[in-house]
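Visitor: The following block contains the structure, expressed as structure tokens.
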Amino acid sequence: MAKKKSTSRANAESMASKQREISVSEFFAKNRHLLGFDNPRKALLTTIKEAVDNALDACEEAEILPDIEVKIEELEAPPSPTKPGRYKVTITDNGPGIVRRQVENIFGKLLYGSKFHRLKMSRGQQGIGISAAGMYGLMTTGKPMVIHTKPNKKKPAHHIELAMDTSKNQPEVSVDIETDDFPETSTGTGTMVAIELEARFQRGKTSVEAYLEQTAIANPHTKITFIPPDKASEDPTLEAGDEAKSEQGESEIVRTAEYADRIEYPRTINELPTETQEIKPHPYGVELGSFLGKLKTTEEKQLASFFKNEFCRVTPAVVKQITDAASTKGKTFSGQTWIKNIDSAAAEKIYKALQNTKLRSPPTDCLAPIGVRQMLAGMLKGVQAEFYTASTRNPAVYRGNPFQIEAAVAYGGDLPGDQPARVIRFANRVPLLYQQSACCAFKSVTDTSWRNYNMSQPRGGAPVGPIVIMIHMASVWVPFTSESKEAIADYDEIRKEMKLALQDCGRKLGQYIRRRQKMKREGERRDIFERYIGEISRACNALTGTDTQELYDALLKQAKRRTEIADAQLDEEGKFVKDEHGRLAKDEDVIIVKDGAIASENAPVDQQAEAKPAKRSSKKKVAKKKVVKKVRKKKATEKASLFEG
Amino acid sequence: MAKKKTTKKPSGKKRTKKSIEASRKSRDVKTAKALEGLAEGIVKSALSGREPKMDVPTRSAGNTKWNKSKGILQMGSAAQERQLFNMGQARKFMQTLLHGQGINKLIDQEKTLSLRGMYYSGLHTIQGTKEKTFNDQTESDGILEDLEVSIGALREELHVFAKKRGTMVGNITVIDSGDTIDCRKMGSGGYAIPSICEPDVIQFENVEADFVLHVEKDTVWQRFNEDKFWRTHNCILTEGSGQPPRGVRRMLHRLNKEHGLPIICLLDCDPWGHYIYSVIKQGSISLAFESERLAIPDAKFLGIRAKDYEACGLSDDVKIDLNDRDKTRAKQIAEYPWFADRKQWQKEIQTMLRNGFKMEVESLITKDISYVTETYVPERLAAEDWIS
């Protein structure tokens, strides 16, 4: 402002005329990259991501197994590779629906939501997502968001078209009718959001497809149907590919399937994640400013009840410790101290005492990890490998926020063997697609020394080999590095837990790789022995006159006996671990797949009987696909079969 | 002269021939039995479900013992088990039996084969694979040596011979497989010492020479032969093309043991030459089991000596710098137990190391073409200036 030397100096009055409130929506309209709308490709992804996240959160809260359909229609193809095209995105869920009066607030207002004010594990946090997507659509195409929602299965659905006035942070409804035109959902209720926007549709690492695939992995209880633009117009040329995929579908491993008109990520677990509890903030996670704020706004009258009701883990005994520690000669505090009598200097003292007092960790029932079994099911669905293992750590705490780390590893099979590991990261079950190298999860992968687990690893990099590594952080408050929620901040406590989870998986993996190598060696050994036995028998025959065949048989018998560990491998083309020899496959946190089948104790008897002759028919591909699965009953709550659905 | 000899021989030859034939037969029977025994053990273990294995005495420096009283190297008692069901040994196990079979056939047919011949005789592709029974001759040679030590038979007894190397000329007549060879009339090429010099193949007659002069290589030998050194000094002139093969060593051994001829060596002044002398004198590590038949503990080392650079007034040009490997090797040789207590040798090696250069026998040519035959060797012989 000092630069404005031109005509007349600005005075306080003239400046005041220019000073006005900036609406949040205006701010974000200008800074849309903060929300993940930096470029057309990312805008498309972010839009879908916000809608899907909201749908999943809503379904889970209403205890509905989510069915979600994502449809992308291309209205105008991008005129050139550098320019965006025009797309219409429609996301349909079978959730509880939204009551009419809340529609405007949810879709038309930034920073409006149920999630910001509470400490509860959920996908969305700030409540800017879907409305920002609508705003982006409105800005780039001028088209309002079209919302169909049916909160009551007996009543018609609402059809609402809604645009947002960015200057007022207020929604403007242009159409508001009741309609019977609502897709049938399993629940009879649901919401369908359609947004038109300028975007670019692409496949690849940071595409919508990758996001949905990873969402399906972290949410095995969700069924997602994806209709990309090329399939939205039912291309019959894809018919052939359809058949190939459907053949795979015969195997009892439920995998992602591609059809002519859609890609389907099936549900592999019929259990909703455990419902999480809302918690009160833990004092260690509260900063002085917000502590003062709480003091001001609280309805409590005295310190003891203030601590009891506004925070967790501050028991009366702890309150006494705190007040004693904060007391000085001149001024003493106790649980009975009146809040209104506490000035800011005193509050600071109390705050410091609070931070220096030893407190119990926050409760952890606020966390819902994906779970070992669920992660395995998810990985099995999305990643074609031969070895899967997963690990869930116990909850831990950073800055007073409880969190829990989980990791899973898929290895071998069809995965490319000469590339660095694919690391898929999740925060509260939401895939993180961007800013991999800035993310704590990725750093923990490069930090772990995978060479201990028989993987090759370049210095300071991710391991190289046929491996997919999944890391999930569940927390009431995931510390993202930015508003667009792309990378987890690098807290020591988090990194440590991640590494421990990875090491857990790594140990299992190393064991498997070593065993596989051993079998390979044993197989090679037998090969060599068998190769020489013929020569030896003939030579001995020439020297001693012993019958060649008799000697050959005797030696062959010995060779087989001495290399019997290799049997499993020889029979099964070196990929399958024979259960009798390996504790590994019996562990519940490990799945080993061969020829599209899983190994199991719980398999029906006839299937095992079938499996045996198949094993004996050495080296030939087992024609019939079997599903077998092993579960060691570690926790009584865990049910036996993975595929009971 | 040759005629005279042929007429002379028949009587004596026939006698020996018979006994020779008999001894050979009995040796063949013994070898065949040993081979059969080896295979028998394997068959027995195999049929009774035990691990088939054989013992192969270890041919390594570690298993070589210095027999001070005899003055030769001998093989220790250490043996390695060779098992079929062991990744590292399976192939060798198979190869050993394959060669056992091959040798059995040779004995049967009363034929001999060269090392290379044995390689080919055992060579084929293993049924149903692309693997060859032997990758190269080296592999096959090693197996034959293993076989020698494990059944306690000599290579000759296995009907196997090496490529011949080494030449001989001098005042002696040799009967080789019944043919009389007068080594006085061998022209410029000399008599090629066969690989098998056992008494049943080679017999000596008219041994007039007083001693044997063994030189390191052919080029030096040519010099001596052209100057008819053997005639003027009444000796036998041999050459071993570097490290002498078994045939040459056996020949020298027999001349020394059966006819009491001193063996005098003229070798290069370098660790290589020193080691050739060591092998002639004490036997080698890899053939330690044959030292009794090959080593000549009283062999003498005439030259080239480290002092000769000054003693003969040689020019600077003949110096060849010792490289690091030479130095290491020289120190290693000096530390061998059979050199350790030889003051003369310690001094010799120290002098060479101090000089920092080595010299070849040919360096004497810088003095005069025939300096070595007319001056150097005669003078040293006269003065008995040698070390041992």
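Residue numbering restarts at 1 for every chain of the structure tokens, chains are lettered A, B, ... in their displayed order, and ligands are numbered from 1 as they appear.
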Just list the residues in range 92-332 of chain B DSSP gives strand (DSSP E or B) on the backbone, as an NGL selection string.
Guide: :B and (113-114 or 125 or 132 or 160-161 or 167-170 or 173-176 or 179-182 or 191-192 or 202-205 or 211-215 or 235-239 or 263-266 or 269 or 300-303 or 320-321)
Visitor: Find the nearest atom pair between each residue of chain A and chain B for residues within 8 Å, count only C-alpha atoms, give distances in Å to one decimal, sort rows by chain and ascending number, and present the table as JSON lines.
Guide:
{"residue": "A:Arg525", "atom": "CA", "partner": "B:Met87", "partner_atom": "CA", "distance": 6.2}
{"residue": "A:Ile528", "atom": "CA", "partner": "B:Ala90", "partner_atom": "CA", "distance": 7.6}
{"residue": "A:Phe529", "atom": "CA", "partner": "B:Phe85", "partner_atom": "CA", "distance": 6.7}
{"residue": "A:Arg531", "atom": "CA", "partner": "B:Ile126", "partner_atom": "CA", "distance": 7.1}
{"residue": "A:Tyr532", "atom": "CA", "partner": "B:Met94", "partner_atom": "CA", "distance": 6.0}
{"residue": "A:Ile533", "atom": "CA", "partner": "B:Met94", "partner_atom": "CA", "distance": 7.8}
{"residue": "A:Glu535", "atom": "CA", "partner": "B:Met94", "partner_atom": "CA", "distance": 6.7}
{"residue": "A:Ile536", "atom": "CA", "partner": "B:Met94", "partner_atom": "CA", "distance": 5.6}
{"residue": "A:Ala539", "atom": "CA", "partner": "B:Gln101", "partner_atom": "CA", "distance": 5.4}
{"residue": "A:Cys540", "atom": "CA", "partner": "B:Ala39", "partner_atom": "CA", "distance": 5.5}
{"residue": "A:Ala542", "atom": "CA", "partner": "B:Gln101", "partner_atom": "CA", "distance": 6.3}
{"residue": "A:Leu543", "atom": "CA", "partner": "B:Glu36", "partner_atom": "CA", "distance": 5.4}
{"residue": "A:Thr544", "atom": "CA", "partner": "B:Glu36", "partner_atom": "CA", "distance": 5.8}
{"residue": "A:Thr546", "atom": "CA", "partner": "B:Val43", "partner_atom": "CA", "distance": 7.5}
{"residue": "A:Leu551", "atom": "CA", "partner": "B:Leu47", "partner_atom": "CA", "distance": 6.6}
{"residue": "A:Ala554", "atom": "CA", "partner": "B:Leu47", "partner_atom": "CA", "distance": 5.7}
{"residue": "A:Leu555", "atom": "CA", "partner": "B:Ala46", "partner_atom": "CA", "distance": 5.8}
{"residue": "A:Gln558", "atom": "CA", "partner": "B:Gly49", "partner_atom": "CA", "distance": 6.6}
{"residue": "A:Ala559", "atom": "CA", "partner": "B:Phe85", "partner_atom": "CA", "distance": 7.1}
{"residue": "A:Arg562", "atom": "CA", "partner": "B:Phe85", "partner_atom": "CA", "distance": 7.7}
Visitor: Quick check for you: according to DSSP on this backbone, which residues of range 248-316 of chain B are classed as helix (DSSP H, G or I)? Reply as a PyMOL selection string.
Guide: chain B and resi 248-259+271-282+288-294+308-311+316
Visitor: List as an mmCIF file with all heavy atoms, in the first residue's frame the protein and nucleic acid residues near Val215 in chain B, meaning an atom at most 8 Å away when only C-alpha atoms are counted, but skip any in the same chain fewer than 3 places from it.
Guide:
data_model
loop_
_atom_site.group_PDB
_atom_site.id
_atom_site.type_symbol
_atom_site.label_atom_id
_atom_site.label_comp_id
_atom_site.auth_asym_id
_atom_site.auth_seq_id
_atom_site.Cartn_x
_atom_site.Cartn_y
_atom_site.Cartn_z
ATOM 1 N N ASP B 218 64.209 -76.313 -23.528
ATOM 2 C CA ASP B 218 64.645 -76.800 -24.814
ATOM 3 C C ASP B 218 65.744 -75.948 -25.431
ATOM 4 O O ASP B 218 66.731 -76.464 -25.950
ATOM 5 C CB ASP B 218 63.427 -76.846 -25.731
ATOM 6 C CG ASP B 218 63.755 -77.439 -27.063
ATOM 7 O OD1 ASP B 218 64.353 -78.532 -27.050
ATOM 8 O OD2 ASP B 218 63.428 -76.816 -28.103
ATOM 9 N N VAL B 220 68.046 -74.072 -24.171
ATOM 10 C CA VAL B 220 69.354 -74.265 -23.552
ATOM 11 C C VAL B 220 69.904 -75.639 -23.918
ATOM 12 O O VAL B 220 71.082 -75.828 -24.251
ATOM 13 C CB VAL B 220 69.239 -74.126 -22.022
ATOM 14 C CG1 VAL B 220 70.599 -74.328 -21.384
ATOM 15 C CG2 VAL B 220 68.663 -72.776 -21.666
ATOM 16 N N TRP B 221 68.947 -76.589 -23.904
ATOM 17 C CA TRP B 221 69.337 -77.973 -24.246
ATOM 18 C C TRP B 221 69.936 -78.030 -25.642
ATOM 19 O O TRP B 221 70.942 -78.696 -25.877
ATOM 20 C CB TRP B 221 68.076 -78.834 -24.138
ATOM 21 C CG TRP B 221 68.296 -80.293 -24.378
ATOM 22 C CD1 TRP B 221 68.628 -81.239 -23.467
ATOM 23 C CD2 TRP B 221 68.201 -80.972 -25.639
ATOM 24 N NE1 TRP B 221 68.754 -82.455 -24.042
ATOM 25 C CE2 TRP B 221 68.488 -82.332 -25.398
ATOM 26 C CE3 TRP B 221 67.908 -80.560 -26.944
ATOM 27 C CZ2 TRP B 221 68.485 -83.291 -26.418
ATOM 28 C CZ3 TRP B 221 67.917 -81.512 -27.954
ATOM 29 C CH2 TRP B 221 68.199 -82.864 -27.681
ATOM 30 N N LEU B 237 72.134 -85.603 -21.190
ATOM 31 C CA LEU B 237 71.601 -84.240 -21.220
ATOM 32 C C LEU B 237 70.076 -84.335 -21.293
ATOM 33 O O LEU B 237 69.531 -84.900 -22.230
ATOM 34 C CB LEU B 237 72.145 -83.558 -22.468
ATOM 35 C CG LEU B 237 72.189 -82.053 -22.533
ATOM 36 C CD1 LEU B 237 72.862 -81.453 -21.326
ATOM 37 C CD2 LEU B 237 72.895 -81.646 -23.816
ATOM 38 N N THR B 238 69.391 -83.820 -20.275
ATOM 39 C CA THR B 238 67.919 -83.871 -20.320
ATOM 40 C C THR B 238 67.351 -82.468 -20.184
ATOM 41 O O THR B 238 68.050 -81.543 -19.765
ATOM 42 C CB THR B 238 67.337 -84.735 -19.187
ATOM 43 O OG1 THR B 238 67.763 -84.155 -17.950
ATOM 44 C CG2 THR B 238 67.783 -86.161 -19.278
ATOM 45 N N GLU B 239 66.082 -82.381 -20.513
ATOM 46 C CA GLU B 239 65.411 -81.088 -20.514
ATOM 47 C C GLU B 239 63.947 -81.375 -20.196
ATOM 48 O O GLU B 239 63.410 -82.410 -20.589
ATOM 49 C CB GLU B 239 65.633 -80.474 -21.890
ATOM 50 C CG GLU B 239 64.751 -79.376 -22.367
ATOM 51 C CD GLU B 239 63.488 -79.870 -23.033
ATOM 52 O OE1 GLU B 239 63.539 -80.775 -23.893
ATOM 53 O OE2 GLU B 239 62.444 -79.320 -22.663
ATOM 54 N N GLY B 240 63.328 -80.522 -19.438
ATOM 55 C CA GLY B 240 61.949 -80.822 -19.002
ATOM 56 C C GLY B 240 60.921 -79.798 -19.415
ATOM 57 O O GLY B 240 59.815 -79.801 -18.882
ATOM 58 N N CYS B 265 71.413 -79.846 -11.999
ATOM 59 C CA CYS B 265 70.403 -79.036 -12.678
ATOM 60 C C CYS B 265 70.944 -77.667 -13.038
ATOM 61 O O CYS B 265 71.595 -77.004 -12.219
ATOM 62 C CB CYS B 265 69.171 -78.858 -11.786
ATOM 63 S SG CYS B 265 68.510 -80.411 -11.235
ATOM 64 N N LEU B 266 70.639 -77.245 -14.246
ATOM 65 C CA LEU B 266 70.963 -75.888 -14.679
ATOM 66 C C LEU B 266 69.653 -75.178 -14.989
ATOM 67 O O LEU B 266 69.026 -75.432 -15.998
ATOM 68 C CB LEU B 266 71.867 -75.939 -15.919
ATOM 69 C CG LEU B 266 72.311 -74.565 -16.443
ATOM 70 C CD1 LEU B 266 73.138 -73.830 -15.400
ATOM 71 C CD2 LEU B 266 73.096 -74.712 -17.745
ATOM 72 N N LEU B 267 69.292 -74.317 -14.055
ATOM 73 C CA LEU B 267 67.969 -73.684 -14.160
ATOM 74 C C LEU B 267 68.118 -72.175 -14.063
ATOM 75 O O LEU B 267 69.176 -71.673 -13.704
ATOM 76 C CB LEU B 267 67.063 -74.194 -13.025
ATOM 77 C CG LEU B 267 66.960 -75.719 -12.905
ATOM 78 C CD1 LEU B 267 66.393 -76.119 -11.568
ATOM 79 C CD2 LEU B 267 66.122 -76.293 -14.034
#
Visitor: Quick check, in Å to one decimal: how far apart do CA of Lys231 in chain A and CA of Ala77 in chain A lie?
Guide: 14.5 Å
Visitor: Find the spatial neighbours of Glu348 in chain B, counting only C-alpha atoms, within a cut-off of 10 Å - ignore same-chain residues fewer than 6 positions away - and output them as number ranges by chain.
Guide: B: 269, 274, 305-307, 334, 342, 354, 387
Visitor: As an exercise, work out the distance from CA of Gly523 in chain A to CA of Arg561 in chain A in Å and give it to one decimal place.
Guide: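 Computed distance, CA of Gly523 in chain A to CA of Arg561 in chain A, equals 12.1 Å.
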Visitor: Could you jot down the CA of Val478 in chain A to CA of Ala427 in chain A separation for me, Å, one decimal place?
Guide: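 It comes out at 6.8 Å.
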Visitor: Set the distance at 12 Å and use only C-alpha atoms: which residues neighbour Lys163 in chain B once local chain neighbours fewer than 5 positions away are removed? I'd like the list as a list in words.
Guide: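 With the cut-off at 12 Å, the set is Leu113, Ser114, Leu115, Arg116, Gly117, Met118, Asp141, Ala192, Ile193, Pro194, Ser195, Ile196, Pro244, Pro245, Arg246, Gly247 and Val248 of chain B.
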Visitor: Arg254 in chain B: which residues within 9 Å, counting only C-alpha atoms, same-chain residues fewer than 2 positions away excluded, as a list in words?
Guide: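 Result of the neighbour search: Cys197, Glu198, Pro199, Arg249, Arg250, Met251, Leu252, Asn256, Lys257, Glu258, His259, Gly260, Arg293 and Leu294 of chain B.
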Visitor: Quick one: residues within 8 Å of range 54-67 of chain A, only C-alpha atoms counted, chain neighbours fewer than 6 positions away excluded, as an MDAnalysis selection string?
Guide: chainID A and resid 93:96 122:124 130 186:187 221:225 270:273 275
Visitor: Can you spit out the residues from that selection as a compact mmCIF listing (two decimals), in the first residue's frame, using N, CA and C atoms?
Guide:
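out_9.txt, written as the output of this step:
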# COMPACT_ATOMS: atom_id res chain seq x y z
N ASP A 93 -24.59 -43.53 -3.97
CA ASP A 93 -24.35 -44.47 -2.88
C ASP A 93 -25.68 -44.99 -2.36
N ASN A 94 -25.59 -45.98 -1.51
CA ASN A 94 -26.79 -46.55 -0.90
C ASN A 94 -26.88 -46.13 0.57
N GLY A 95 -26.33 -44.98 0.86
CA GLY A 95 -26.27 -44.51 2.24
C GLY A 95 -27.64 -44.08 2.76
N PRO A 96 -27.61 -43.44 3.92
CA PRO A 96 -28.87 -43.07 4.57
C PRO A 96 -29.59 -41.90 3.91
N SER A 122 -12.57 -40.43 11.04
CA SER A 122 -13.42 -40.46 9.86
C SER A 122 -12.58 -40.03 8.67
N ARG A 123 -13.12 -40.24 7.48
CA ARG A 123 -12.33 -39.96 6.28
C ARG A 123 -12.15 -38.46 6.08
N GLY A 124 -13.29 -37.78 6.04
CA GLY A 124 -13.21 -36.33 5.88
C GLY A 124 -12.84 -35.71 7.22
N ILE A 130 -16.68 -31.78 -0.52
CA ILE A 130 -17.63 -31.91 -1.61
C ILE A 130 -18.12 -30.54 -2.08
N SER A 186 -29.73 -50.95 -2.57
CA SER A 186 -30.00 -52.09 -1.71
C SER A 186 -30.77 -51.67 -0.46
N THR A 187 -30.58 -50.44 -0.07
CA THR A 187 -31.20 -49.99 1.17
C THR A 187 -32.52 -49.25 0.93
N HIS A 221 -15.00 -54.01 2.62
CA HIS A 221 -16.43 -54.17 2.86
C HIS A 221 -17.26 -53.33 1.89
N THR A 222 -16.55 -52.69 0.95
CA THR A 222 -17.24 -51.80 0.03
C THR A 222 -17.27 -52.40 -1.36
N LYS A 223 -18.42 -52.22 -2.03
CA LYS A 223 -18.47 -52.61 -3.43
C LYS A 223 -18.47 -51.33 -4.24
N ILE A 224 -17.53 -51.25 -5.14
CA ILE A 224 -17.45 -50.04 -5.96
C ILE A 224 -17.61 -50.42 -7.41
N THR A 225 -18.47 -49.72 -8.09
CA THR A 225 -18.62 -49.92 -9.52
C THR A 225 -18.12 -48.66 -10.20
N ASN A 270 -17.97 -59.09 4.60
CA ASN A 270 -19.31 -58.58 4.89
C ASN A 270 -19.43 -58.02 6.30
N GLU A 271 -18.40 -57.34 6.70
CA GLU A 271 -18.44 -56.78 8.04
C GLU A 271 -18.10 -55.32 7.95
N LEU A 272 -18.84 -54.53 8.65
CA LEU A 272 -18.49 -53.11 8.68
C LEU A 272 -17.34 -52.92 9.64
N PRO A 273 -16.53 -51.91 9.41
CA PRO A 273 -15.49 -51.62 10.38
C PRO A 273 -16.13 -51.31 11.74
N GLU A 275 -17.37 -49.57 14.90
CA GLU A 275 -17.71 -48.16 15.05
C GLU A 275 -16.76 -47.52 16.03
